[in-house]
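Student: Take this structure, written in structure tokens, and hold onto it; I'll ask about it next.
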Amino acid sequence: MRALAHAVLAPALATALVTALAGGRADAQGSARASVAPLAREILADMVQSRTTEVGSTTPLAESLAERFRAAGFAAEDVMLLSETDRNRNLVVRVRGRDRSLPPRILGAHLDVVGVEPTLWTTDPWKLTERDGLLYGRGVLDDKGPAAALSAAFIDLKRSGTVPARDLLLLLTASEENGPYNGVQYLVANRPDLTRGEFVIIADAGGGELAGGKRIAFGVQAAEKVYADFTLTARGPGGHSSIPDGRSPIDRLATAIDHLSHYTFPVNVNPVARAFMEKRAPLTPGPDGAAMAALARDPNDADAIRRLSSSPVRNALLRTTCITTLLKGGTAPNAIPAEATANVNCRIIPGESPDTVLARIRRAIDSPDIEISVAYAAVPSPPSVMPPALARALDETLAEVYGVMPVIPYMEMGATDGLFLRNAGQQVLGIIGLFVDDEYSRTMHANDERVPAAAYDQMVEFTRRLVVRLSR
Ligand SMILES: [Zn+2]
């Protein structure tokens with residue numbers, strides 16, 4: 001999860017809103033329902049105490065959640081524990097709709113978390129702890145917090161007796177953080193009936209943006225850059241270093257790497273990046289905002305490209321990037337190695353061909369005696385288009401819970417589980433209805449992972465209302 005968050009939520013305002021919501025303000029259906037925040041917190045507490053790390057397993061948590069869904073009235077066949085082995089089960093929950101011939105709407109979050117360094121925490125990382133208005137615990141942001149919000153929303157929908165227009169599916173998956181096994185990939189390969197839908201919401205990306213305590217925009221992840229690794233290899237006869245015979249494999253590899261480091265990939269502004277710049281420009285002060293507006297109008301505007309390329313973050317939005325990340329060569333201080341290798345990690349603009357990237361690397365290194373091979377093949381992940389029904393539901397829910405604001409689709413520089421679903425032809429949108437400052441989003445994967453309790457409860461309410469709208 002990588003939220004687009006920026007400044008502190010005004011605590012008084014947040015508390016007032018949550019109090020209003022908890023009081024059972026009428027929702028869009030006109031029915032007043034009690035807040036699901038206590039239920040979400042209870043589920044989150046169960047989730048946090050389950051050590052679903054790389055050395056642990058999601059199975060005990062998936063099983064206890066399954067029990068909870070059955071107790072809430074879900075039929076046994078609609079609560080599915082699915083995985084290759086007993087370890088790291090996925091849980092899939094279905095709310096049956098009126099018209100089962102329509103493709104389902106799918107919502108997902110992952111149950112696994114990264115490990116902890118317990119001595120560096122000020123609370124027990126495996127216990128949900130509220131302190132000074134903050135919720136602490138491994139996964140409260142990434143991604144158990146959103147997973148608990150979705151679980152509470154599904155249980156609440158079931159309890160309300162609502163029969164959705166079409167099936168709604170909740171995917172609570174394993175092994176997002178740690179490969180090589182991946183829960184979503186397993187479901188895509190083995191249960192395509194549960195991963196093919198009208199669209200998929202992954203609650204592991206996206207989120208609100210704050211500026212000076214004001215909510216100014218809502219980011220939705222609509223694309224992600226494509227990961228690929230290439231190996232560069234230089235070879236030679238090897239030999240004693242007292243009698244060098246020309247340039248060693250290390251020398252020639254160093255030249256190739258140096259050439260690549262001076263190469264800049266061509267600008268490739270895809271539709272998601274273009275729409276992002278158009279919508280983001282008015283919210284971006286100074287010359288960067290003007291350059292974004294100019295580039296949204298004309299993707300070849302040379303001045304705008306120069307301006308934006310000088311910022312690493314904006315540069316990564318404009319083009320494919322590759323950088324050398326590993327270097328190997330040599331066995332002894334007095335021996336010329338027979339081989340030296342480098343790993344080049346690339347983040348490819350979605351839609352750009354990996355073969356084209358490879359050809360460009362070959363041309364850039366300009367060293368015919370260096371071999372280039374694929375170490376990690378790119379899994380193409382085409383950009384997603386926001387479905388109109390989802391855009392409407394999102395606008396309405398935002399207006400109701402947080403206020404009217406622009407929804408800005410963006411391209412993720414890293415990669416999430418959305419990749420496997422996009423690769424399988426699904427429209428995938430990353431959405432978490434949370435507004436928090438960077439101070440908190442930076443605690444994902446870090447010590448003392450925490451989220452303001454009031455902002456969390458509002459996210460739970462946002463999620464409930466969004467799920468109600470998606471049930472129509
Ligand atoms: Zn995550």
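In the structure tokens, chains take letters A, B, ... by order of appearance, with residues numbered from 1 within each chain and ligands from 1 in the order shown.
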Taking a cut-off of 8 Å and counting only C-alpha atoms and all ligand atoms, can you build a table that, for each residue of chain A near ligand 1, reports the nearest atom pair and how far apart they are in Å (one decimal), sorted by chain then residue number, as JSON lines?

Tutor:
{"residue": "A:Met1", "atom": "CA", "partner": "ligand 1", "partner_atom_place_in_ligand_line": "1 (Zn)", "distance": 4.0}
{"residue": "A:Arg2", "atom": "CA", "partner": "ligand 1", "partner_atom_place_in_ligand_line": "1 (Zn)", "distance": 7.6}
{"residue": "A:Ala109", "atom": "CA", "partner": "ligand 1", "partner_atom_place_in_ligand_line": "1 (Zn)", "distance": 7.8}
{"residue": "A:His110", "atom": "CA", "partner": "ligand 1", "partner_atom_place_in_ligand_line": "1 (Zn)", "distance": 6.6}
{"residue": "A:Val113", "atom": "CA", "partner": "ligand 1", "partner_atom_place_in_ligand_line": "1 (Zn)", "distance": 7.5}
{"residue": "A:Asp142", "atom": "CA", "partner": "ligand 1", "partner_atom_place_in_ligand_line": "1 (Zn)", "distance": 4.6}
{"residue": "A:Asp143", "atom": "CA", "partner": "ligand 1", "partner_atom_place_in_ligand_line": "1 (Zn)", "distance": 5.0}
{"residue": "A:Glu176", "atom": "CA", "partner": "ligand 1", "partner_atom_place_in_ligand_line": "1 (Zn)", "distance": 6.7}
{"residue": "A:Glu177", "atom": "CA", "partner": "ligand 1", "partner_atom_place_in_ligand_line": "1 (Zn)", "distance": 6.7}
{"residue": "A:Asp204", "atom": "CA", "partner": "ligand 1", "partner_atom_place_in_ligand_line": "1 (Zn)", "distance": 5.1}
{"residue": "A:Ala205", "atom": "CA", "partner": "ligand 1", "partner_atom_place_in_ligand_line": "1 (Zn)", "distance": 7.6}
{"residue": "A:Thr416", "atom": "CA", "partner": "ligand 1", "partner_atom_place_in_ligand_line": "1 (Zn)", "distance": 7.2}

Student: Since we have the selection now, will you write its residues out, keeping N, CA and C atoms, as a PDB file, in the first residue's frame?

Tutor:
ATOM      1  N   MET A   1       0.845  -1.195   0.000  1.00  0.00           N
ATOM      2  CA  MET A   1       0.000   0.000   0.000  1.00  0.00           C
ATOM      3  C   MET A   1       0.872   1.234   0.000  1.00  0.00           C
ATOM      4  N   ARG A   2       0.511   2.152  -0.846  1.00  0.00           N
ATOM      5  CA  ARG A   2       1.280   3.384  -0.908  1.00  0.00           C
ATOM      6  C   ARG A   2       0.291   4.530  -1.036  1.00  0.00           C
ATOM      7  N   ALA A 109      -7.943  -7.239  -0.514  1.00  0.00           N
ATOM      8  CA  ALA A 109      -6.861  -6.713   0.331  1.00  0.00           C
ATOM      9  C   ALA A 109      -6.020  -7.916   0.742  1.00  0.00           C
ATOM     10  N   HIS A 110      -4.774  -7.667   1.149  1.00  0.00           N
ATOM     11  CA  HIS A 110      -3.955  -8.827   1.526  1.00  0.00           C
ATOM     12  C   HIS A 110      -3.837  -8.964   3.042  1.00  0.00           C
ATOM     13  N   VAL A 113       1.740  -9.672   6.167  1.00  0.00           N
ATOM     14  CA  VAL A 113       2.459  -8.432   6.534  1.00  0.00           C
ATOM     15  C   VAL A 113       3.964  -8.696   6.485  1.00  0.00           C
ATOM     16  N   ASP A 142      -0.980  -1.313   6.213  1.00  0.00           N
ATOM     17  CA  ASP A 142      -0.631  -2.183   5.087  1.00  0.00           C
ATOM     18  C   ASP A 142      -0.677  -3.626   5.512  1.00  0.00           C
ATOM     19  N   ASP A 143      -1.722  -4.383   5.310  1.00  0.00           N
ATOM     20  CA  ASP A 143      -2.926  -3.947   4.629  1.00  0.00           C
ATOM     21  C   ASP A 143      -4.120  -4.455   5.436  1.00  0.00           C
ATOM     22  N   GLU A 176       1.346 -11.251  -0.487  1.00  0.00           N
ATOM     23  CA  GLU A 176       1.586 -10.102  -1.376  1.00  0.00           C
ATOM     24  C   GLU A 176       2.999  -9.589  -1.166  1.00  0.00           C
ATOM     25  N   GLU A 177       3.410  -9.569   0.095  1.00  0.00           N
ATOM     26  CA  GLU A 177       4.692  -8.954   0.438  1.00  0.00           C
ATOM     27  C   GLU A 177       5.887  -9.830   0.076  1.00  0.00           C
ATOM     28  N   ASP A 204      -5.141  -1.563  -1.494  1.00  0.00           N
ATOM     29  CA  ASP A 204      -3.738  -1.613  -1.106  1.00  0.00           C
ATOM     30  C   ASP A 204      -2.970  -0.495  -1.805  1.00  0.00           C
ATOM     31  N   ALA A 205      -3.704   0.504  -2.280  1.00  0.00           N
ATOM     32  CA  ALA A 205      -3.090   1.642  -2.967  1.00  0.00           C
ATOM     33  C   ALA A 205      -4.142   2.736  -3.034  1.00  0.00           C
ATOM     34  N   THR A 416       1.958  -3.739  -7.202  1.00  0.00           N
ATOM     35  CA  THR A 416       1.100  -4.389  -6.202  1.00  0.00           C
ATOM     36  C   THR A 416       0.478  -5.637  -6.832  1.00  0.00           C
TER      37      THR A 416
END

Student: Just the helix (DSSP H, G or I) stuff from range 52-225 of chain A, please, per backbone DSSP, written as a PyMOL selection string.

Tutor: chain A and resi 59-71+76-78+118-120+144-159+183-190+192-194

Student: Using the selection just defined, write its residues with C-alpha atoms as a PDB file, in the first residue's frame.

Tutor:
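After the write, selection26.pdb holds the following:
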ATOM      1  CA  THR A  59      -4.038 -19.862   7.399  1.00  0.00           C
ATOM      2  CA  PRO A  60      -5.006 -19.468  11.100  1.00  0.00           C
ATOM      3  CA  LEU A  61      -6.271 -15.922  10.401  1.00  0.00           C
ATOM      4  CA  ALA A  62      -8.122 -16.924   7.212  1.00  0.00           C
ATOM      5  CA  GLU A  63      -9.798 -19.760   9.156  1.00  0.00           C
ATOM      6  CA  SER A  64     -10.889 -17.576  12.075  1.00  0.00           C
ATOM      7  CA  LEU A  65     -12.218 -14.938   9.656  1.00  0.00           C
ATOM      8  CA  ALA A  66     -14.115 -17.655   7.774  1.00  0.00           C
ATOM      9  CA  GLU A  67     -15.746 -18.622  11.070  1.00  0.00           C
ATOM     10  CA  ARG A  68     -16.729 -14.995  11.646  1.00  0.00           C
ATOM     11  CA  PHE A  69     -18.313 -14.676   8.180  1.00  0.00           C
ATOM     12  CA  ARG A  70     -20.280 -17.919   8.651  1.00  0.00           C
ATOM     13  CA  ALA A  71     -21.474 -16.723  12.052  1.00  0.00           C
ATOM     14  CA  ALA A  76     -20.701 -22.223   3.979  1.00  0.00           C
ATOM     15  CA  GLU A  77     -20.249 -22.464   0.193  1.00  0.00           C
ATOM     16  CA  ASP A  78     -19.830 -18.681  -0.015  1.00  0.00           C
ATOM     17  CA  PRO A 118      10.157  -5.872  18.127  1.00  0.00           C
ATOM     18  CA  THR A 119      12.848  -4.091  20.157  1.00  0.00           C
ATOM     19  CA  LEU A 120      12.433  -0.995  17.977  1.00  0.00           C
ATOM     20  CA  LYS A 144      -4.895  -5.327   7.581  1.00  0.00           C
ATOM     21  CA  GLY A 145      -6.550  -1.968   8.295  1.00  0.00           C
ATOM     22  CA  PRO A 146      -8.218  -1.845   4.864  1.00  0.00           C
ATOM     23  CA  ALA A 147      -8.865  -5.627   4.989  1.00  0.00           C
ATOM     24  CA  ALA A 148     -10.744  -5.212   8.301  1.00  0.00           C
ATOM     25  CA  ALA A 149     -12.757  -2.294   6.869  1.00  0.00           C
ATOM     26  CA  LEU A 150     -13.823  -4.395   3.868  1.00  0.00           C
ATOM     27  CA  SER A 151     -14.668  -7.369   6.108  1.00  0.00           C
ATOM     28  CA  ALA A 152     -16.859  -5.197   8.335  1.00  0.00           C
ATOM     29  CA  ALA A 153     -18.575  -3.690   5.272  1.00  0.00           C
ATOM     30  CA  PHE A 154     -19.388  -7.146   3.870  1.00  0.00           C
ATOM     31  CA  ILE A 155     -20.698  -8.397   7.226  1.00  0.00           C
ATOM     32  CA  ASP A 156     -22.801  -5.251   7.631  1.00  0.00           C
ATOM     33  CA  LEU A 157     -24.233  -5.635   4.118  1.00  0.00           C
ATOM     34  CA  LYS A 158     -25.183  -9.246   4.882  1.00  0.00           C
ATOM     35  CA  ARG A 159     -26.764  -8.334   8.216  1.00  0.00           C
ATOM     36  CA  GLY A 183      -2.185 -15.569  -3.341  1.00  0.00           C
ATOM     37  CA  VAL A 184      -3.755 -13.465  -6.095  1.00  0.00           C
ATOM     38  CA  GLN A 185      -1.658 -15.170  -8.747  1.00  0.00           C
ATOM     39  CA  TYR A 186      -2.873 -18.525  -7.405  1.00  0.00           C
ATOM     40  CA  LEU A 187      -6.527 -17.440  -7.640  1.00  0.00           C
ATOM     41  CA  VAL A 188      -6.079 -16.018 -11.150  1.00  0.00           C
ATOM     42  CA  ALA A 189      -4.578 -19.334 -12.308  1.00  0.00           C
ATOM     43  CA  ASN A 190      -6.868 -21.722 -10.420  1.00  0.00           C
ATOM     44  CA  PRO A 192     -10.630 -17.477 -12.681  1.00  0.00           C
ATOM     45  CA  ASP A 193     -14.357 -17.490 -11.852  1.00  0.00           C
ATOM     46  CA  LEU A 194     -13.479 -15.600  -8.646  1.00  0.00           C
TER      47      LEU A 194
END

Student: If you run DSSP on the backbone here, which positions in range 89-228 of chain A get strand (DSSP E)? Please write them as a PyMOL selection string.

Tutor: chain A and resi 90-95+105-110+129-131+134-136+168-173+199-202+207-211+214-224+226-228

Student: Quick one: residues within 9 Å of Pro282 in chain A, only C-alpha atoms, excluding same-chain residues fewer than 4 positions away - as a list of chain:residue names?

Tutor: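 Skipping anything fewer than 4 positions along the chain leaves A:Glu278, A:Gly289, A:Ala290, A:Met292, A:Ala293.
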
Student: For CA of Ile349 in chain A and CA of Phe230 in chain A, quote the distance in Å rounded to one decimal.

Tutor: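 Separation between CA of Ile349 in chain A and CA of Phe230 in chain A: 16.1 Å.
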
Student: I'd like the interatomic distance between CA of Thr129 in chain A and CA of Leu434 in chain A, to a tenth of an Å.

Tutor: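 Computing it gives 19.1 Å between the two atoms.
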
Student: Any idea what's packed within 8 Å of range 215-221 of chain A, counting only C-alpha atoms, ignoring anything in its chain fewer than 6 positions away? Could you give it as a PyMOL selection string?

Tutor: chain A and resi 4+205-209+402+405-412+429-431+435

Student: Which residues come within 10 Å of Leu318 in chain A, counting only C-alpha atoms, excluding same-chain residues fewer than 3 positions away, as a count of residues only?

Tutor: 18

Student: So how many Å separate CA of Leu466 in chain A and CA of Thr173 in chain A, to one decimal?

Tutor: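 If I compute the distance from CA of Leu466 in chain A to CA of Thr173 in chain A, I get 20.6 Å.
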
Student: Name all residues at most 10 Å from Ala335 in chain A (count only C-alpha atoms; drop same-chain ones fewer than 6 positions away) and give them as a PyMOL selection string.

Tutor: chain A and resi 238-244

Student: Tell me, as a list in words, which residues lie within 12 Å of His259 in chain A, counting only C-alpha atoms; anything in the same chain fewer than 6 positions away does not count.

Tutor: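 The contact residues come out as Arg252, Leu253, Ile323, Thr324, Arg360, Ile361, Arg362, Arg363, Ala364, Ile365, Asp366 and Ser367 of chain A.
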
Student: Next, the residues of the selection above should be written as an mmCIF file, in the first residue's frame with C-alpha atoms.

Tutor:
data_model
loop_
_atom_site.group_PDB
_atom_site.id
_atom_site.type_symbol
_atom_site.label_atom_id
_atom_site.label_comp_id
_atom_site.auth_asym_id
_atom_site.auth_seq_id
_atom_site.Cartn_x
_atom_site.Cartn_y
_atom_site.Cartn_z
ATOM 1 C CA ARG A 252 34.438 -4.141 -20.072
ATOM 2 C CA LEU A 253 31.365 -4.563 -17.849
ATOM 3 C CA ILE A 323 19.452 1.256 -13.079
ATOM 4 C CA THR A 324 22.217 -1.189 -12.164
ATOM 5 C CA ARG A 360 17.387 0.077 -26.181
ATOM 6 C CA ILE A 361 19.647 -1.262 -23.419
ATOM 7 C CA ARG A 362 21.671 -3.120 -26.058
ATOM 8 C CA ARG A 363 22.089 0.042 -28.091
ATOM 9 C CA ALA A 364 22.865 2.161 -25.011
ATOM 10 C CA ILE A 365 25.648 -0.080 -23.680
ATOM 11 C CA ASP A 366 27.128 -0.191 -27.188
ATOM 12 C CA SER A 367 29.304 -3.230 -26.324
#
